[in-house]
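Trainee: As input, take protein-v8.txt (compact mmCIF, C-alpha atoms and all ligand atoms):
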```txt
# COMPACT_ATOMS: atom_id res chain seq x y z
CA GLU A 1 27.97 -41.46 -6.25
CA LYS A 2 27.91 -39.75 -2.87
CA ALA A 3 27.18 -36.11 -2.16
CA GLU A 4 30.15 -34.05 -0.97
CA PRO A 5 30.68 -34.14 2.81
CA LEU A 6 29.65 -31.21 4.97
CA ARG A 7 32.08 -28.42 5.74
CA VAL A 8 30.97 -26.48 8.78
CA MET A 9 32.42 -23.60 10.76
CA ILE A 10 31.15 -22.76 14.22
CA SER A 11 31.97 -19.51 15.91
CA GLY A 12 31.02 -17.47 18.92
CA ALA A 13 32.56 -15.78 21.95
CA PRO A 14 34.55 -17.82 24.49
CA ALA A 15 32.16 -20.15 26.35
CA SER A 16 29.28 -19.48 23.98
CA GLY A 17 28.87 -23.27 23.74
CA LYS A 18 30.87 -24.20 20.64
CA GLY A 19 32.52 -27.27 22.17
CA THR A 20 29.22 -28.45 23.64
CA GLN A 21 27.42 -28.22 20.30
CA CYS A 22 30.35 -29.81 18.47
CA GLU A 23 30.02 -32.89 20.68
CA LEU A 24 26.37 -33.24 19.68
CA ILE A 25 26.99 -32.44 16.01
CA THR A 26 29.84 -34.94 15.58
CA LYS A 27 27.83 -37.66 17.28
CA LYS A 28 25.03 -37.31 14.74
CA TYR A 29 26.83 -36.24 11.57
CA ASN A 30 30.15 -38.03 12.02
CA LEU A 31 32.21 -35.01 10.97
CA VAL A 32 35.83 -34.57 12.00
CA HIS A 33 35.85 -32.03 14.85
CA ILE A 34 38.82 -29.68 14.61
CA ALA A 35 39.04 -27.26 17.54
CA ALA A 36 41.86 -24.73 17.41
CA GLY A 37 41.82 -24.43 21.21
CA ASP A 38 42.04 -28.22 21.69
CA LEU A 39 44.94 -28.49 19.24
CA LEU A 40 46.71 -25.73 21.17
CA ARG A 41 46.00 -27.28 24.58
CA ALA A 42 47.45 -30.55 23.25
CA GLU A 43 50.66 -28.70 22.31
CA VAL A 44 50.77 -27.11 25.76
CA ALA A 45 50.28 -30.49 27.43
CA ALA A 46 53.02 -32.04 25.28
CA GLY A 47 55.38 -29.24 26.33
CA THR A 48 56.52 -28.44 22.77
CA GLU A 49 58.15 -25.12 21.89
CA ASN A 50 54.93 -23.97 20.21
CA GLY A 51 53.00 -25.10 23.27
CA LYS A 52 55.19 -23.09 25.61
CA ARG A 53 54.73 -19.96 23.54
CA ALA A 54 51.01 -20.53 23.06
CA LYS A 55 50.40 -20.95 26.79
CA GLU A 56 51.44 -17.37 27.56
CA PHE A 57 48.84 -16.00 25.17
CA MET A 58 46.12 -18.42 26.22
CA GLU A 59 46.45 -17.57 29.91
CA ARG A 60 45.87 -13.94 29.05
CA GLY A 61 42.92 -14.80 26.82
CA GLN A 62 44.73 -13.42 23.78
CA LEU A 63 44.92 -14.87 20.30
CA VAL A 64 47.93 -17.09 19.77
CA PRO A 65 50.08 -15.77 16.88
CA ASP A 66 49.19 -16.93 13.37
CA GLU A 67 52.52 -18.64 12.74
CA ILE A 68 51.61 -21.21 15.40
CA VAL A 69 47.91 -21.62 14.66
CA VAL A 70 47.49 -21.40 10.89
CA MET A 71 49.58 -24.38 9.76
CA MET A 72 48.37 -26.48 12.66
CA VAL A 73 44.74 -26.10 11.56
CA LYS A 74 45.54 -26.37 7.86
CA GLU A 75 47.35 -29.67 8.38
CA ARG A 76 44.47 -31.16 10.34
CA LEU A 77 41.96 -30.07 7.68
CA SER A 78 44.09 -31.66 4.97
CA GLU A 79 44.15 -35.10 6.57
CA GLN A 80 42.29 -37.86 4.83
CA ASP A 81 39.55 -38.34 7.43
CA SER A 82 38.61 -34.64 7.28
CA GLN A 83 38.46 -34.78 3.51
CA GLU A 84 36.36 -37.95 3.42
CA LYS A 85 33.92 -37.42 6.28
CA GLY A 86 33.74 -33.64 6.18
CA TRP A 87 34.83 -31.25 8.89
CA LEU A 88 33.53 -29.13 11.73
CA LEU A 89 35.91 -26.29 12.43
CA ASP A 90 35.56 -24.81 15.91
CA GLY A 91 37.21 -21.58 17.07
CA TYR A 92 38.89 -20.81 13.78
CA PRO A 93 39.18 -18.42 11.95
CA ARG A 94 39.28 -15.69 14.60
CA SER A 95 40.94 -13.03 12.52
CA VAL A 96 40.85 -11.82 8.95
CA SER A 97 44.36 -13.11 8.33
CA GLN A 98 43.31 -16.60 9.49
CA ALA A 99 40.25 -16.50 7.25
CA MET A 100 42.35 -15.37 4.29
CA ALA A 101 44.80 -18.20 4.87
CA LEU A 102 41.97 -20.74 4.78
CA LYS A 103 40.57 -19.30 1.58
CA LYS A 104 44.00 -19.39 0.03
CA PHE A 105 44.34 -23.08 0.87
CA GLY A 106 40.88 -23.70 -0.62
CA PHE A 107 38.91 -24.44 2.55
CA ASP A 108 35.50 -22.83 2.15
CA PRO A 109 32.60 -23.70 4.45
CA ASP A 110 29.09 -24.63 3.32
CA ILE A 111 27.85 -22.90 6.42
CA PHE A 112 29.11 -20.63 9.20
CA ILE A 113 27.17 -21.01 12.44
CA LEU A 114 27.38 -18.09 14.86
CA LEU A 115 26.33 -18.73 18.46
CA GLU A 116 25.03 -15.54 20.03
CA VAL A 117 25.31 -15.21 23.82
CA PRO A 118 25.50 -11.95 25.83
CA GLU A 119 28.59 -11.23 27.94
CA GLU A 120 27.14 -11.61 31.44
CA ILE A 121 26.18 -15.21 30.65
CA LEU A 122 29.62 -15.99 29.20
CA VAL A 123 31.45 -15.27 32.45
CA GLU A 124 29.20 -17.61 34.42
CA ARG A 125 29.77 -20.33 31.85
CA VAL A 126 33.57 -20.06 31.93
CA VAL A 127 33.67 -20.15 35.71
CA GLY A 128 31.33 -23.16 36.05
CA ARG A 129 32.84 -25.20 33.22
CA ARG A 130 34.41 -28.57 34.10
CA LEU A 131 35.96 -31.31 31.95
CA ASP A 132 35.95 -35.06 32.28
CA PRO A 133 39.57 -36.05 31.58
CA VAL A 134 38.49 -39.64 30.82
CA THR A 135 35.82 -38.99 28.16
CA GLY A 136 36.71 -35.41 27.21
CA LYS A 137 33.09 -34.42 27.81
CA ILE A 138 32.27 -30.82 28.79
CA TYR A 139 30.16 -30.18 31.89
CA HIS A 140 28.86 -27.18 33.79
CA LEU A 141 28.36 -27.31 37.56
CA LYS A 142 24.92 -25.72 37.20
CA TYR A 143 23.71 -26.22 33.62
CA SER A 144 25.17 -29.57 32.72
CA PRO A 145 26.09 -31.37 35.95
CA PRO A 146 27.89 -34.74 35.86
CA GLU A 147 25.66 -37.83 35.67
CA THR A 148 27.34 -39.81 38.46
CA GLU A 149 29.34 -39.30 41.67
CA GLU A 150 32.22 -41.10 40.04
CA ILE A 151 32.41 -38.59 37.19
CA ALA A 152 31.91 -35.67 39.61
CA ALA A 153 34.94 -36.78 41.61
CA ARG A 154 37.30 -36.75 38.64
CA LEU A 155 36.21 -33.50 36.93
CA THR A 156 38.97 -30.98 36.23
CA GLN A 157 39.08 -27.33 35.28
CA ARG A 158 40.80 -26.04 32.16
CA PHE A 159 44.08 -24.29 32.98
CA ASP A 160 42.87 -21.19 31.17
CA ASP A 161 39.46 -21.00 32.91
CA THR A 162 39.76 -18.42 35.63
CA GLU A 163 37.35 -15.63 36.47
CA GLU A 164 40.14 -13.18 35.87
CA LYS A 165 40.72 -14.54 32.38
CA ALA A 166 37.00 -14.57 31.71
CA TYR A 167 36.74 -10.84 32.28
CA LEU A 168 39.91 -10.22 30.37
CA ILE A 169 38.58 -12.05 27.33
CA LEU A 170 35.26 -10.31 27.48
CA PHE A 171 36.74 -6.88 27.65
CA SER A 172 39.33 -7.52 25.01
CA PHE A 173 37.04 -9.48 22.70
CA PRO A 174 37.79 -7.50 19.57
CA GLU A 175 34.34 -6.72 18.19
CA ASN A 176 35.64 -5.17 15.00
CA ASN A 177 37.76 -8.12 14.26
CA VAL A 178 34.74 -10.37 14.69
CA GLU A 179 32.69 -8.22 12.35
CA ALA A 180 35.43 -8.33 9.74
CA VAL A 181 35.64 -12.13 9.93
CA LEU A 182 31.86 -12.41 9.71
CA SER A 183 31.74 -10.22 6.65
CA MET A 184 33.98 -12.72 4.85
CA TYR A 185 31.34 -15.44 5.29
CA GLU A 186 28.30 -13.22 4.80
CA ASP A 187 26.55 -15.48 2.31
CA VAL A 188 26.74 -18.61 4.48
CA ILE A 189 26.19 -17.24 8.02
CA VAL A 190 23.40 -18.54 10.21
CA LYS A 191 22.92 -16.94 13.63
CA VAL A 192 21.69 -19.15 16.45
CA ASP A 193 20.50 -18.03 19.89
CA GLY A 194 23.07 -19.66 22.19
CA THR A 195 21.29 -18.74 25.43
CA LEU A 196 18.75 -21.54 25.00
CA PRO A 197 19.28 -24.88 26.77
CA LYS A 198 21.88 -26.96 24.95
CA GLN A 199 19.40 -29.46 23.44
CA GLU A 200 17.35 -26.60 22.01
CA VAL A 201 20.40 -24.95 20.53
CA PHE A 202 21.31 -28.31 19.00
CA SER A 203 17.87 -28.86 17.57
CA LYS A 204 18.17 -25.58 15.64
CA ILE A 205 21.61 -26.50 14.34
CA ASP A 206 20.39 -30.01 13.53
CA ASN A 207 17.59 -28.63 11.35
CA ILE A 208 20.00 -26.37 9.52
CA LEU A 209 22.49 -29.18 8.82
CA THR A 210 19.82 -31.67 7.76
CA GLU A 211 18.43 -29.19 5.29
CA LEU A 212 21.90 -28.47 3.96
CA LEU A 213 22.61 -32.17 3.46
CA GLU A 214 19.30 -32.60 1.64
CA ARG A 215 20.21 -29.72 -0.65
CA LYS A 216 23.58 -31.29 -1.40
CA GLU A 217 21.96 -34.62 -2.17
CA SER A 218 19.29 -33.19 -4.42
CA ALA A 219 21.90 -31.13 -6.27
CA LEU A 220 23.68 -34.41 -6.95
CA GLY A 221 20.44 -36.04 -8.15
CA SER A 222 19.74 -33.29 -10.64
CA LEU A 223 23.13 -33.54 -12.35
P1 LIG B 1 39.12 -22.15 22.74
O1 LIG B 1 39.45 -23.46 23.30
O2 LIG B 1 38.56 -22.07 21.38
O3 LIG B 1 38.23 -21.47 23.79
P2 LIG B 1 37.10 -20.39 23.66
O4 LIG B 1 36.84 -19.67 22.42
O5 LIG B 1 37.41 -19.59 24.85
O6 LIG B 1 35.86 -21.27 23.69
P3 LIG B 1 35.60 -22.22 24.81
O7 LIG B 1 36.16 -23.57 24.51
O8 LIG B 1 36.05 -21.54 26.08
O9 LIG B 1 34.06 -22.22 24.88
P4 LIG B 1 32.97 -22.95 24.00
O10 LIG B 1 32.31 -21.95 23.14
O11 LIG B 1 33.51 -24.20 23.38
O12 LIG B 1 31.97 -23.31 25.17
P5 LIG B 1 31.67 -24.70 25.91
O13 LIG B 1 30.91 -25.62 25.03
O14 LIG B 1 32.91 -25.23 26.57
O15 LIG B 1 40.39 -21.18 22.80
C1 LIG B 1 41.18 -21.05 23.95
C2 LIG B 1 42.34 -20.13 23.68
O16 LIG B 1 43.14 -20.68 22.63
C3 LIG B 1 41.98 -18.73 23.18
O17 LIG B 1 41.73 -17.86 24.24
C4 LIG B 1 43.24 -18.37 22.41
O18 LIG B 1 44.27 -17.96 23.29
C5 LIG B 1 43.62 -19.66 21.78
N1 LIG B 1 43.02 -19.85 20.44
C6 LIG B 1 41.98 -20.66 20.11
N2 LIG B 1 41.69 -20.56 18.80
C7 LIG B 1 42.57 -19.67 18.29
C8 LIG B 1 42.77 -19.12 16.99
N3 LIG B 1 42.01 -19.47 15.95
N4 LIG B 1 43.75 -18.21 16.83
C9 LIG B 1 44.53 -17.83 17.86
N5 LIG B 1 44.39 -18.31 19.12
C10 LIG B 1 43.41 -19.20 19.33
O19 LIG B 1 30.65 -24.18 27.03
C11 LIG B 1 31.07 -23.37 28.08
C12 LIG B 1 30.35 -23.78 29.37
O20 LIG B 1 28.96 -23.47 29.26
C13 LIG B 1 30.41 -25.29 29.68
O21 LIG B 1 30.53 -25.46 31.06
C14 LIG B 1 29.06 -25.83 29.17
O22 LIG B 1 28.63 -26.97 29.89
C15 LIG B 1 28.14 -24.64 29.39
N6 LIG B 1 27.11 -24.55 28.34
C16 LIG B 1 27.27 -24.78 27.01
N7 LIG B 1 26.10 -24.59 26.34
C17 LIG B 1 25.18 -24.22 27.29
C18 LIG B 1 23.80 -23.85 27.21
N8 LIG B 1 23.13 -23.83 26.04
N9 LIG B 1 23.18 -23.50 28.36
C19 LIG B 1 23.86 -23.50 29.57
N10 LIG B 1 25.17 -23.84 29.68
C20 LIG B 1 25.83 -24.19 28.55
```
Go ahead and render the structure in this file as structure tokens.

Mentor:
Amino acid sequence: EKAEPLRVMISGAPASGKGTQCELITKKYNLVHIAAGDLLRAEVAAGTENGKRAKEFMERGQLVPDEIVVMMVKERLSEQDSQEKGWLLDGYPRSVSQAMALKKFGFDPDIFILLEVPEEILVERVVGRRLDPVTGKIYHLKYSPPETEEIAARLTQRFDDTEEKAYLILFSFPENNVEAVLSMYEDVIVKVDGTLPKQEVFSKIDNILTELLERKESALGSL
């Protein structure tokens, strides 16, 4: 018999490094990465009705209304691959109502990782962020530059990454809301210093997840 797969939530301010860590985590742990922002950007790109509505909120750095986001995430979590391999939920829940919806549907995390990064660093990260449209990999002009000229030439910027939006997000980042969401996961929160270089941040997360997996396996052994 196999131990239950990992169920991980990762949270932090915009540009705190969630997507970057998720890339590293999925590579090692083979979890299904579910990013609310990526699901939304896919809707925007597809030009669906939900996508058109979502875009207005995203450009302003505001939360997209629950009626668009909640079912979208719930459906992805319910798919067979997420259930079998385990999941890594990125950028969700961002409000108490989203967290309540997840609980209601029975999705509880083993662990809730919070990346802590101060505001002045966040702005610089949003502005320098670039994406490789071919591989989907996240780069930063200064901290994580592309490996080759060829990649450098094709890098794009996210439509919602402007300096203006960066400030907007930072100043409207609803602290209280964050605190309320955190309090719902109190017993499984682990705070990680997100200002460290990305490999160091990952090595902390890696230790936490390895230990968690070992606990799950030994719990199984003692049954
Ligand atoms: P979303 O896509 O979730 O964006 P976000 O929260 O703004 O997070 P980001 O993707 O911007 O940042 P990240 O933490 O993944 O950082 P990254 O790894 O890229 O959401 C976008 C929008 O969708 C929201 O504004 C909202 O409108 C909507 N939305 C999403 N979820 C929603 C929800 N649940 N409900 C309602 N609406 C929702 O890193 C950033 C940069 O820093 C990169 O360039 C990277 O290379 C660099 N970097 C990363 N780590 C390091 C490091 N350790 N040192 C130096 N540089 C680093």

Trainee: What separation in Å, quoted to one decimal, exists between atom CA of Tyr92 of chain A and atom CA of Leu212 of chain A?

Mentor: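 Result for atom CA of Tyr92 of chain A versus atom CA of Leu212 of chain A: 21.1 Å, one decimal.
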
Trainee: Tell me which of A:Met100, A:Val123, A:Leu213, A:Ile111 sits closest to ligand LIG 1 (chain B), counting all atoms listed in the file.

Mentor: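 Looking at the shortest contact to ligand LIG 1 (chain B), the residue is A:Val123.
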
Trainee: Measure the distance from atom CA of Glu149 of chain A to atom CA of Val126 of chain A in Å and round it to one decimal.

Mentor: 22.0 Å

Trainee: Between atom CA of Thr162 of chain A and atom CA of Glu116 of chain A, what distance in Å does the model show, to one decimal?

Mentor: 21.6 Å

Trainee: Taking only C-alpha atoms into account, produce a table as JSON lines in which each residue of segment 4-89 of chain A with an atom at most 8 Å from an atom of segment 104-110 of chain A appears once, together with its shortest atom pair and the distance in Å to one decimal, ordered by chain and rising number.

Mentor:
```
{"residue": "A:Leu6", "atom": "CA", "partner": "A:Asp110", "partner_atom": "CA", "distance": 6.8}
{"residue": "A:Arg7", "atom": "CA", "partner": "A:Pro109", "partner_atom": "CA", "distance": 4.9}
{"residue": "A:Val8", "atom": "CA", "partner": "A:Pro109", "partner_atom": "CA", "distance": 5.4}
{"residue": "A:Met9", "atom": "CA", "partner": "A:Pro109", "partner_atom": "CA", "distance": 6.3}
{"residue": "A:Lys74", "atom": "CA", "partner": "A:Phe105", "partner_atom": "CA", "distance": 7.8}
```

Trainee: Could you save those same residues with C-alpha atoms as a tab-separated table (two decimals), in the frame of the given file?

Mentor:
```tsv
chain	number	residue	atom	x	y	z
A	6	LEU	CA	29.65	-31.21	4.97
A	7	ARG	CA	32.08	-28.42	5.74
A	8	VAL	CA	30.97	-26.48	8.78
A	9	MET	CA	32.42	-23.60	10.76
A	74	LYS	CA	45.54	-26.37	7.86
```

Trainee: Let me make sure I understand: among A:Phe159, A:Tyr29, A:Ser144, A:Glu79, which one has the smallest atom-to-atom distance to Glu56 of chain A if we use all atoms listed in the file?

Mentor: A:Phe159

Trainee: Select, counting all atoms listed in the file, all protein, DNA and RNA residues no farther than 12 Å from (23.5, -31.8, 5.4) in file coordinates, and express the selection as a VMD selection string.

Mentor: chain A and resid 3 to 8 25 28 to 31 85 to 87 110 to 111 205 to 219

Trainee: Emit as lines of an AutoDock Vina configuration file the padded axis-aligned box for all listed atoms of ligand LIG 1 (chain B), 8 Å per side, with centre and edge lengths in Å to one decimal.

Mentor:
```
center_x = 33.8
center_y = -22.4
center_z = 23.5
size_x = 37.4
size_y = 25.1
size_z = 31.1
```

Trainee: Which is closest to Ile138 of chain A among A:Lys18, A:Lys191, A:His33, A:Lys55, if we use only C-alpha atoms?

Mentor: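 Going through A:Lys18, A:Lys191, A:His33, A:Lys55 one by one, the smallest distance to Ile138 of chain A is for A:Lys18.
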
Trainee: Show me the residues around (34.5, -15.6, 26.4) - criterion: an atom at most 12 Å away, all atoms listed in the file counted - as a PyMOL selection string.

Mentor: chain A and resi 11-18+58+60-62+91+115-127+129+160-174

Trainee: Would you write out those residues with C-alpha atoms, as a compact mmCIF listing (two decimals), keeping the file's coordinate frame?

Mentor:
```
# COMPACT_ATOMS: atom_id res chain seq x y z
CA SER A 11 31.97 -19.51 15.91
CA GLY A 12 31.02 -17.47 18.92
CA ALA A 13 32.56 -15.78 21.95
CA PRO A 14 34.55 -17.82 24.49
CA ALA A 15 32.16 -20.15 26.35
CA SER A 16 29.28 -19.48 23.98
CA GLY A 17 28.87 -23.27 23.74
CA LYS A 18 30.87 -24.20 20.64
CA MET A 58 46.12 -18.42 26.22
CA ARG A 60 45.87 -13.94 29.05
CA GLY A 61 42.92 -14.80 26.82
CA GLN A 62 44.73 -13.42 23.78
CA GLY A 91 37.21 -21.58 17.07
CA LEU A 115 26.33 -18.73 18.46
CA GLU A 116 25.03 -15.54 20.03
CA VAL A 117 25.31 -15.21 23.82
CA PRO A 118 25.50 -11.95 25.83
CA GLU A 119 28.59 -11.23 27.94
CA GLU A 120 27.14 -11.61 31.44
CA ILE A 121 26.18 -15.21 30.65
CA LEU A 122 29.62 -15.99 29.20
CA VAL A 123 31.45 -15.27 32.45
CA GLU A 124 29.20 -17.61 34.42
CA ARG A 125 29.77 -20.33 31.85
CA VAL A 126 33.57 -20.06 31.93
CA VAL A 127 33.67 -20.15 35.71
CA ARG A 129 32.84 -25.20 33.22
CA ASP A 160 42.87 -21.19 31.17
CA ASP A 161 39.46 -21.00 32.91
CA THR A 162 39.76 -18.42 35.63
CA GLU A 163 37.35 -15.63 36.47
CA GLU A 164 40.14 -13.18 35.87
CA LYS A 165 40.72 -14.54 32.38
CA ALA A 166 37.00 -14.57 31.71
CA TYR A 167 36.74 -10.84 32.28
CA LEU A 168 39.91 -10.22 30.37
CA ILE A 169 38.58 -12.05 27.33
CA LEU A 170 35.26 -10.31 27.48
CA PHE A 171 36.74 -6.88 27.65
CA SER A 172 39.33 -7.52 25.01
CA PHE A 173 37.04 -9.48 22.70
CA PRO A 174 37.79 -7.50 19.57
```

Trainee: Just want the 10 Å neighbourhood of Ala36 of chain A, counted on only C-alpha atoms, with same-chain residues fewer than 5 positions away dropped. Output as a PyMOL selection string.

Mentor: chain A and resi 41-42+69-70+72-73+76+89-94

Trainee: Could you tell me which of A:Glu179, A:Glu75, A:Asp66, A:Glu84 comes closest to ligand LIG 1 (chain B) if we count only C-alpha atoms and all ligand atoms?

Mentor: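 Once distances to ligand LIG 1 (chain B) are computed over only C-alpha atoms and all ligand atoms, the minimum belongs to A:Asp66.
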
Trainee: Can you work out which one of A:Phe202, A:Gln83, A:Pro146, A:Pro65 has the shortest atom-to-atom distance to Thr26 of chain A, counting only C-alpha atoms?

Mentor: A:Phe202

Trainee: With a distance cut-off of 9 Å and all atoms listed in the file, select the neighbouring residues of Gln199 of chain A, excluding the residue or stretch itself and same-chain residues fewer than 5 positions from it, and output the selection as a compact mmCIF listing (two decimals) with C-alpha atoms, keeping the file's coordinate frame.

Mentor:
```txt
# COMPACT_ATOMS: atom_id res chain seq x y z
CA GLN A 21 27.42 -28.22 20.30
CA LEU A 24 26.37 -33.24 19.68
CA LYS A 204 18.17 -25.58 15.64
```

Trainee: Restricting the calculation to only C-alpha atoms and all ligand atoms: of A:Asp81, A:Ser203, A:Ser95, A:Thr156, which residue gets closest to ligand LIG 1 (chain B)?

Mentor: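 Of A:Asp81, A:Ser203, A:Ser95, A:Thr156, the one nearest ligand LIG 1 (chain B), counting only C-alpha atoms and all ligand atoms, is A:Ser95.
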